[in-house]
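Asks: My structure file entry05.cif, mmCIF, C-alpha atoms and all ligand atoms, is below:
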```
data_input
#
loop_
_atom_site.label_atom_id
_atom_site.label_comp_id
_atom_site.auth_asym_id
_atom_site.auth_seq_id
_atom_site.Cartn_x
_atom_site.Cartn_y
_atom_site.Cartn_z
CA MET A 1 0.00 0.00 0.00
CA SER A 2 2.89 2.34 0.69
CA ARG A 3 3.52 2.56 -3.03
CA ARG A 4 0.47 4.78 -3.42
CA VAL A 5 1.89 7.42 -1.15
CA PRO A 6 4.01 9.15 -3.82
CA PHE A 7 0.84 9.70 -5.82
CA ARG A 8 -1.31 11.07 -3.03
CA ARG A 9 1.24 13.21 -1.29
CA PRO A 10 1.39 16.07 -3.82
CA ALA A 11 -2.38 16.40 -3.87
CA ASP A 12 -2.66 16.40 -0.06
CA SER A 13 0.09 18.84 0.67
CA GLY A 14 -1.22 21.08 -2.07
CA GLY A 15 -4.75 20.97 -0.73
CA ILE A 16 -4.21 22.02 2.86
CA PRO A 17 -2.59 25.43 2.29
CA LEU A 18 -5.17 26.19 -0.37
CA VAL A 19 -8.04 25.67 2.02
CA GLY A 20 -6.33 27.80 4.65
CA SER A 21 -5.82 30.81 2.41
CA LEU A 22 -9.31 30.46 1.00
CA ASN A 23 -10.74 31.21 4.43
CA GLN A 24 -8.54 34.24 4.89
CA LYS A 25 -9.08 36.04 1.61
CA THR A 26 -11.95 35.66 -0.76
CA LYS A 27 -10.08 37.90 -3.18
CA THR A 28 -7.63 35.18 -4.11
CA SER A 29 -10.28 32.51 -4.59
CA PRO A 30 -10.67 32.82 -8.40
CA LEU A 31 -6.97 32.27 -8.68
CA LEU A 32 -7.22 29.33 -6.34
CA SER A 33 -10.09 27.81 -8.28
CA ILE A 34 -8.02 28.08 -11.42
CA GLY A 35 -5.18 26.44 -9.54
CA LEU A 36 -7.44 23.62 -8.44
CA ILE A 37 -8.79 23.19 -11.96
CA VAL A 38 -5.24 23.06 -13.28
CA VAL A 39 -4.28 20.43 -10.68
CA GLY A 40 -7.38 18.43 -11.61
CA ALA A 41 -6.63 18.73 -15.29
CA ILE A 42 -3.07 17.57 -14.76
CA LEU A 43 -4.26 14.55 -12.81
CA LEU A 44 -6.84 13.74 -15.48
CA LEU A 45 -4.29 14.19 -18.23
CA GLY A 46 -1.86 11.97 -16.40
CA TYR A 47 -4.57 9.38 -16.00
CA SER A 48 -5.55 9.30 -19.66
CA TYR A 49 -1.95 9.59 -20.75
CA SER A 50 -0.97 6.53 -18.80
CA ARG A 51 -3.99 4.64 -20.12
CA SER A 52 -2.78 5.29 -23.60
CA GLY A 53 0.66 4.03 -22.71
CA GLY A 54 2.36 7.14 -21.39
CA SER A 55 5.81 7.63 -20.05
CA THR A 56 7.28 5.68 -17.18
CA THR A 57 7.16 8.55 -14.75
CA LEU A 58 3.52 9.33 -15.33
CA ARG A 59 2.52 5.73 -15.29
CA GLU A 60 4.51 5.12 -12.16
CA SER A 61 3.12 8.11 -10.36
CA ILE A 62 -0.41 6.90 -10.81
CA GLY A 63 0.30 3.18 -10.77
CA GLY A 64 -2.09 1.23 -8.62
CA GLU A 65 -4.98 3.63 -8.99
CA GLY A 66 -7.15 1.04 -10.69
CA ILE A 67 -4.86 0.69 -13.67
CA SER A 68 -2.67 -2.31 -13.51
CA SER A 69 0.90 -2.34 -14.56
CA CYS A 70 2.61 -5.61 -13.99
CA THR A 71 5.92 -3.99 -14.88
CA LEU A 72 5.48 -1.78 -11.84
CA GLU A 73 4.60 -4.91 -9.90
CA VAL A 74 7.92 -6.48 -10.90
CA GLN A 75 9.68 -3.53 -9.30
CA HIS A 76 7.72 -3.96 -6.08
CA ALA A 77 8.47 -7.68 -6.08
CA ILE A 78 12.25 -7.40 -6.48
CA PRO A 79 13.06 -7.92 -2.77
CA ILE A 80 10.90 -11.04 -2.73
CA LEU A 81 12.28 -12.35 -5.99
CA LYS A 82 15.78 -11.93 -4.54
CA LYS A 83 14.84 -13.99 -1.50
CA VAL A 84 13.18 -16.68 -3.62
CA TYR A 85 15.69 -16.92 -6.45
CA GLY A 86 18.92 -16.01 -4.67
CA ASP A 87 21.84 -16.76 -6.96
CA SER A 88 19.51 -17.09 -9.95
CA MET A 89 19.11 -13.32 -9.79
CA ARG A 90 22.73 -12.87 -10.90
CA LYS A 91 21.89 -12.23 -14.54
CA VAL A 92 18.31 -11.24 -15.19
CA LEU A 93 16.52 -10.44 -18.42
CA HIS A 94 13.34 -8.43 -18.04
CA VAL A 95 10.92 -8.49 -20.96
CA GLY A 96 8.14 -5.95 -20.95
CA PRO A 97 7.11 -2.34 -21.40
CA ASP A 98 9.11 0.25 -19.45
CA THR A 99 11.88 -2.28 -19.15
CA CYS A 100 14.38 0.54 -18.56
CA SER A 101 12.78 1.26 -15.19
CA VAL A 102 13.04 -2.40 -14.16
CA VAL A 103 16.59 -2.74 -15.47
CA SER A 104 17.67 0.38 -13.57
CA LYS A 105 16.09 -0.86 -10.37
CA LEU A 106 17.50 -4.37 -10.71
CA SER A 107 20.96 -3.02 -11.44
CA ASN A 108 20.92 -1.27 -8.08
CA GLU A 109 20.68 -4.65 -6.41
CA GLU A 110 23.97 -6.10 -5.31
CA GLY A 111 25.08 -9.07 -7.35
CA THR A 112 22.49 -8.55 -10.07
CA GLU A 113 23.28 -7.81 -13.66
CA ALA A 114 20.16 -6.74 -15.54
CA TRP A 115 19.22 -6.67 -19.20
CA GLY A 116 16.00 -5.68 -20.88
CA VAL A 117 13.85 -6.27 -23.92
CA GLU A 118 11.27 -3.61 -24.74
CA PRO A 119 8.56 -5.26 -26.85
CA TYR A 120 6.67 -2.11 -27.78
CA ASP A 121 8.43 1.14 -28.39
CA LEU A 122 11.29 3.15 -27.02
CA GLU A 123 10.45 6.39 -28.73
CA ASP A 124 9.55 8.56 -25.76
CA SER A 125 12.19 7.11 -23.47
CA ASP A 126 14.18 9.33 -21.10
CA SER A 127 17.92 9.93 -21.24
CA ASN A 128 18.65 7.14 -18.75
CA CYS A 129 16.80 4.73 -21.01
CA LYS A 130 18.51 6.02 -24.14
CA ASN A 131 21.79 5.42 -22.38
CA LEU A 132 20.85 1.80 -21.59
CA VAL A 133 19.85 1.30 -25.23
CA ARG A 134 23.10 2.82 -26.45
CA LYS A 135 25.05 0.41 -24.25
CA GLY A 136 23.05 -2.51 -25.65
CA ILE A 137 21.68 -3.38 -22.20
CA VAL A 138 18.13 -2.65 -23.32
CA ARG A 139 16.95 -3.65 -26.76
CA ALA A 140 13.74 -3.21 -28.64
CA ALA A 141 12.60 -6.53 -30.03
CA ASP A 142 9.39 -8.09 -31.24
CA ILE A 143 8.90 -10.98 -28.84
CA LYS A 144 6.88 -12.86 -31.46
CA PHE A 145 10.20 -13.66 -33.06
CA SER A 146 13.39 -15.20 -31.79
CA LEU A 147 15.12 -13.04 -29.18
CA PRO A 148 18.60 -11.87 -30.10
CA TYR A 149 20.37 -13.90 -27.39
CA ARG A 150 22.10 -17.23 -27.22
CA PRO A 151 20.52 -20.14 -25.28
CA LYS A 152 20.77 -19.81 -21.50
CA SER A 153 22.18 -16.30 -21.73
CA PHE A 154 20.43 -15.35 -18.49
CA SER A 155 19.95 -17.05 -15.17
CA LEU A 156 16.38 -15.78 -14.86
CA VAL A 157 13.89 -14.26 -17.30
CA ILE A 158 11.13 -12.05 -15.88
CA VAL A 159 8.23 -11.13 -18.12
CA SER A 160 5.53 -8.53 -17.48
CA ASP A 161 2.65 -7.06 -19.49
CA ALA A 162 3.84 -8.92 -22.55
CA VAL A 163 2.41 -12.43 -22.93
CA ASP A 164 -1.06 -11.05 -22.10
CA TYR A 165 -1.10 -9.47 -25.54
CA LEU A 166 -0.30 -12.61 -27.48
CA SER A 167 -2.75 -15.04 -29.03
CA PRO A 168 -2.11 -18.74 -28.32
CA LYS A 169 -0.56 -19.04 -31.75
CA TYR A 170 2.13 -16.50 -30.88
CA LEU A 171 2.37 -17.67 -27.30
CA ASN A 172 3.42 -21.01 -28.73
CA LYS A 173 6.34 -19.30 -30.42
CA THR A 174 7.22 -16.80 -27.73
CA MET A 175 7.13 -18.94 -24.59
CA PRO A 176 9.70 -21.51 -25.77
CA ASN A 177 11.80 -18.62 -26.98
CA LEU A 178 11.75 -16.98 -23.54
CA ALA A 179 12.60 -20.31 -21.96
CA ARG A 180 15.43 -20.84 -24.41
CA VAL A 181 17.41 -17.84 -23.19
CA SER A 182 16.94 -18.70 -19.52
CA ALA A 183 19.10 -21.13 -17.55
CA ASP A 184 17.18 -21.33 -14.28
CA GLY A 185 13.62 -20.31 -14.95
CA LEU A 186 10.91 -17.94 -16.04
CA VAL A 187 8.78 -15.64 -13.94
CA ILE A 188 5.63 -14.42 -15.66
CA PHE A 189 3.68 -11.44 -14.36
CA ALA A 190 0.25 -11.41 -16.01
CA GLY A 191 -2.78 -9.23 -15.40
CA TYR A 192 -5.85 -10.53 -13.59
CA PRO A 193 -9.02 -10.86 -15.65
CA GLY A 194 -11.37 -7.97 -14.90
CA GLN A 195 -8.61 -5.48 -14.24
CA HIS A 196 -9.19 -2.02 -15.69
CA ARG A 197 -6.64 -2.52 -18.38
CA ALA A 198 -8.95 -5.05 -20.03
CA LYS A 199 -11.41 -2.26 -20.79
CA VAL A 200 -8.88 -0.17 -22.62
CA THR A 201 -9.97 -0.94 -26.15
CA GLU A 202 -7.28 0.99 -27.92
CA LEU A 203 -3.71 0.64 -26.84
CA PRO A 204 -1.84 1.66 -29.95
CA LYS A 205 1.45 0.77 -28.36
CA PHE A 206 0.46 -2.84 -27.74
CA GLY A 207 -1.34 -3.38 -31.02
CA LYS A 208 -4.33 -4.91 -29.30
CA PRO A 209 -5.88 -5.02 -25.86
CA ALA A 210 -4.60 -7.49 -23.31
CA LYS A 211 -6.48 -10.72 -23.00
CA LEU A 212 -6.03 -11.06 -19.22
CA ARG A 213 -6.59 -14.75 -18.75
CA SER A 214 -7.37 -16.53 -15.51
CA ALA A 215 -4.86 -18.54 -13.52
CA THR A 216 -6.70 -21.68 -14.61
CA TRP A 217 -6.27 -20.71 -18.25
CA TRP A 218 -2.56 -20.10 -17.79
CA MET A 219 -1.91 -23.25 -15.82
CA ARG A 220 -3.73 -25.31 -18.43
CA TYR A 221 -1.79 -23.56 -21.18
CA PHE A 222 1.56 -24.19 -19.47
CA LEU A 223 0.70 -27.82 -18.97
CA GLN A 224 -0.41 -28.28 -22.58
CA THR A 225 2.73 -26.71 -23.96
CA GLY A 226 5.06 -28.71 -21.76
CA PHE A 227 6.02 -26.05 -19.24
CA GLU A 228 6.43 -27.06 -15.65
CA GLU A 229 5.63 -24.94 -12.67
CA ASN A 230 8.63 -24.31 -10.47
CA GLU A 231 6.74 -25.44 -7.40
CA ALA A 232 9.49 -24.71 -4.92
CA ALA A 233 9.82 -21.14 -6.17
CA ALA A 234 6.06 -20.63 -6.28
CA LYS A 235 5.73 -21.86 -2.70
CA LYS A 236 8.59 -19.75 -1.43
CA PHE A 237 7.27 -16.70 -3.27
CA GLY A 238 3.88 -17.13 -1.60
CA GLN A 239 5.42 -17.58 1.83
CA THR A 240 7.82 -14.66 1.49
CA ALA A 241 5.11 -12.39 0.12
CA ALA A 242 2.84 -13.26 3.05
CA LYS A 243 5.64 -12.65 5.54
CA MET A 244 6.32 -9.23 4.02
CA SER A 245 2.59 -8.43 3.73
CA TYR A 246 3.01 -8.07 0.01
CA LYS A 247 0.01 -8.77 -2.17
CA PRO A 248 0.87 -8.66 -5.86
CA ASN A 249 -1.52 -6.82 -8.16
CA CYS A 250 -0.77 -9.35 -10.85
CA GLN A 251 -0.72 -13.09 -11.24
CA VAL A 252 2.81 -14.41 -10.82
CA PHE A 253 3.78 -17.71 -12.40
CA HIS A 254 7.06 -19.48 -11.76
CA LEU A 255 8.16 -21.85 -14.50
CA THR A 256 11.18 -24.05 -15.02
CA SER A 257 13.00 -23.44 -18.25
C1 LIG A 301 0.00 -24.42 -29.14
O1 LIG A 301 0.72 -25.58 -28.76
C2 LIG A 301 -0.05 -26.57 -28.12
C3 LIG A 301 0.86 -27.69 -27.64
O2 LIG A 301 1.79 -28.04 -28.59
C4 LIG A 301 -1.12 -27.08 -29.11
O3 LIG A 301 -1.93 -28.06 -28.48
C5 LIG A 301 -1.97 -25.91 -29.56
O4 LIG A 301 -2.89 -26.33 -30.53
C6 LIG A 301 -1.10 -24.79 -30.11
N1 LIG A 301 -1.95 -23.63 -30.37
C7 LIG A 301 -1.93 -22.97 -31.50
C8 LIG A 301 -2.91 -21.85 -31.65
O5 LIG A 301 -1.14 -23.20 -32.39
#
```
Could you write out this file's structure as C-alpha cells?
Ligand SMILES: *[C@@H]1O[C@H](CO)[C@@H](O)[C@H](O)[C@H]1NC(C)=O
Replies:
Amino acid sequence: MSRRVPFRRPADSGGIPLVGSLNQKTKTSPLLSIGLIVVGAILLLGYSYSRSGGSTTLRESIGGEGISSCTLEVQHAIPILKKVYGDSMRKVLHVGPDTCSVVSKLSNEEGTEAWGVEPYDLEDSDSNCKNLVRKGIVRAADIKFSLPYRPKSFSLVIVSDAVDYLSPKYLNKTMPNLARVSADGLVIFAGYPGQHRAKVTELPKFGKPAKLRSATWWMRYFLQTGFEENEAAAKKFGQTAAKMSYKPNCQVFHLTS
C-alpha cells in the first residue's frame, strides 16, 4: 500500500494550504479555483496519458490507482524475488514495457546484472533509457520472433505485461523462446481478468488489448505446452510475500526453463 503514497502526497500537501488561504481572503479565490482546476486537469491528463501508454514517470506516479501495470509490480516484487531466487538473480533479463525502469532498479541490487527487452516502443524514453539502449543493455525486439540472445544467456527471465497481448498461436512461439534464453527459470507477471486494463480498447502501443486470462487458463496452457511450474519457487514466493505483507496486483507464475 505504501507505493500509493508518492501519488497522493502532492495532492494532499497542495490541498491544505489552499483551504487555509481560502478562508482568509476571498479575493484570491478565483486564482485558487483556477489552480485547483489546473491540478485536476493535470491529474486527469496523467490518467488518460498513462492509459494510452504514457511515459514511465507518469505511469509510475499513478500506478495502482485502478490501472494495472505488472511492470510496476515487478519492481515492487524485487526484494521477494531476490529472497526466492537467490543466486539465480545474478543475470536477469526483463521483458516488458518500461523495461528501462526495471533494469535500472534491478541493477541497483547487489550481485544482479540486468538486461531488458522492450517489446513495444522506445520512442519517448528518457535519457537514462537512451543510455541503456546505447550500451546494448536494453533492446527493442518483437517478442513474437526469436530473441537476439544465445541459449541460457540469463539465469532468470522475468516477463511482465507482454504475454497477455499474445494469441495462443504467438504464445506457442514466444514462450519456448523466452525459456530458451533462460538457464534457471521464467517468472511471468500477467494481469488478472477484470482489471481495468482489459477495458482499454485501444492501446496503440500494444497493437491490441490485453487478454487477461485466468490462472486456470494459464496453468492449463503451461501444462499443454510442456512447461512445468517451479513449485518450490512458487511456494517460497507465496510464503515470502505473506511474511512481508506483500500482495501482488498481478498473477505471478514461476516456470522451469
Ligand atoms: C499451441 O501448442 C499446443 C501444444 O503443442 C497445441 O496443443 C496448440 O494447438 C497450439 N496452439 C496454436 C494456436 O497453435
Asks: Pick the closest to ligand LIG 301 (chain A) from A:Ser69, A:Thr99, A:Ser257, A:Gln224: which is it, counting only C-alpha atoms and all ligand atoms?
Replies: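 Under the stated criterion, the closest residue is A:Gln224.
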Asks: Report, in Å with one decimal, the straight-line distance from atom CA of Ala241 of chain A to atom CA of Val187 of chain A.
Replies: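 According to the coordinates, atom CA of Ala241 of chain A and atom CA of Val187 of chain A are separated by 14.9 Å.
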Asks: When the cut-off is 6 Å and you count all atoms listed in the file, which residues lie near ligand LIG 301 (chain A), shown as a list of chain:residue names?
Replies: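 Residues satisfying the distance criterion: A:Pro168, A:Lys169, A:Asn172, A:Gln224, A:Thr225.
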Asks: In Å to one decimal, how far is atom CA of Phe237 of chain A from atom CA of Val84 of chain A?
Replies: 5.9 Å
Asks: Using only C-alpha atoms and a cutoff of 10 Å, can you tell me which residues are near (20.3, 2.8, -21.7) in the file's coordinates, and write them out as a PyMOL selection string?
Replies: chain A and resi 100+103-104+115-116+125-139
Asks: Between A:Ala242, A:Ala141, A:Leu255, A:Asp161, single out the one closest to Leu223 of chain A, counting all atoms listed in the file.
Replies: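 Smallest separation from Leu223 of chain A among the options: A:Leu255.
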Asks: Which residue, A:His254, A:Arg150, A:Arg180, A:Arg213, has the smallest gap to Leu166 of chain A when you use only C-alpha atoms?
Replies: A:Arg213
Asks: State, in Å with one decimal place, the distance from atom CA of Phe154 of chain A to atom CA of Ser88 of chain A.
Replies: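 So the answer is 8.8 Å.
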Asks: Determine the nearest neighbour of Ile80 of chain A from the options A:Thr240, A:Ser245, A:Ser214, A:Gln251, counting only C-alpha atoms.
Replies: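 The answer is A:Thr240, which sits nearest to Ile80 of chain A.
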Asks: Dig up all the protein and nucleic acid residues within 9 Å of (7.0, -10.1, -17.4) in the file frame, using only C-alpha atoms, and format them as a CSV table (one decimal) with C-alpha atoms, in the frame of the given file.
Replies:
```
chain,number,residue,atom,x,y,z
A,70,CYS,CA,2.6,-5.6,-14.0
A,71,THR,CA,5.9,-4.0,-14.9
A,74,VAL,CA,7.9,-6.5,-10.9
A,94,HIS,CA,13.3,-8.4,-18.0
A,95,VAL,CA,10.9,-8.5,-21.0
A,96,GLY,CA,8.1,-6.0,-21.0
A,97,PRO,CA,7.1,-2.3,-21.4
A,157,VAL,CA,13.9,-14.3,-17.3
A,158,ILE,CA,11.1,-12.0,-15.9
A,159,VAL,CA,8.2,-11.1,-18.1
A,160,SER,CA,5.5,-8.5,-17.5
A,161,ASP,CA,2.6,-7.1,-19.5
A,162,ALA,CA,3.8,-8.9,-22.6
A,163,VAL,CA,2.4,-12.4,-22.9
A,186,LEU,CA,10.9,-17.9,-16.0
A,187,VAL,CA,8.8,-15.6,-13.9
A,188,ILE,CA,5.6,-14.4,-15.7
A,189,PHE,CA,3.7,-11.4,-14.4
A,190,ALA,CA,0.2,-11.4,-16.0
A,252,VAL,CA,2.8,-14.4,-10.8
```
Asks: Within 12 Å of Asp184 of chain A, counting all atoms listed in the file, which residues show up once you throw out same-chain ones fewer than 6 positions away? Write them as an MDAnalysis selection string, please.
Replies: chainID A and resid 85:93 151:158 178 230 233 254:257
Asks: Do a neighbour search on Phe145 of chain A at 12 Å with all atoms listed in the file, toss out local chain neighbours closer than 2 positions, and write the hits as JSON, numbers by chain.
Replies: {"A": [119, 140, 141, 142, 143, 147, 148, 149, 166, 170, 171, 172, 173, 174, 175, 176, 177, 178]}
Asks: Quick one: of A:His76, A:Lys144, A:Lys82, A:Arg220, who's nearest to Tyr246 of chain A, counting all atoms listed in the file?
Replies: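 Under the stated criterion, the closest residue is A:His76.
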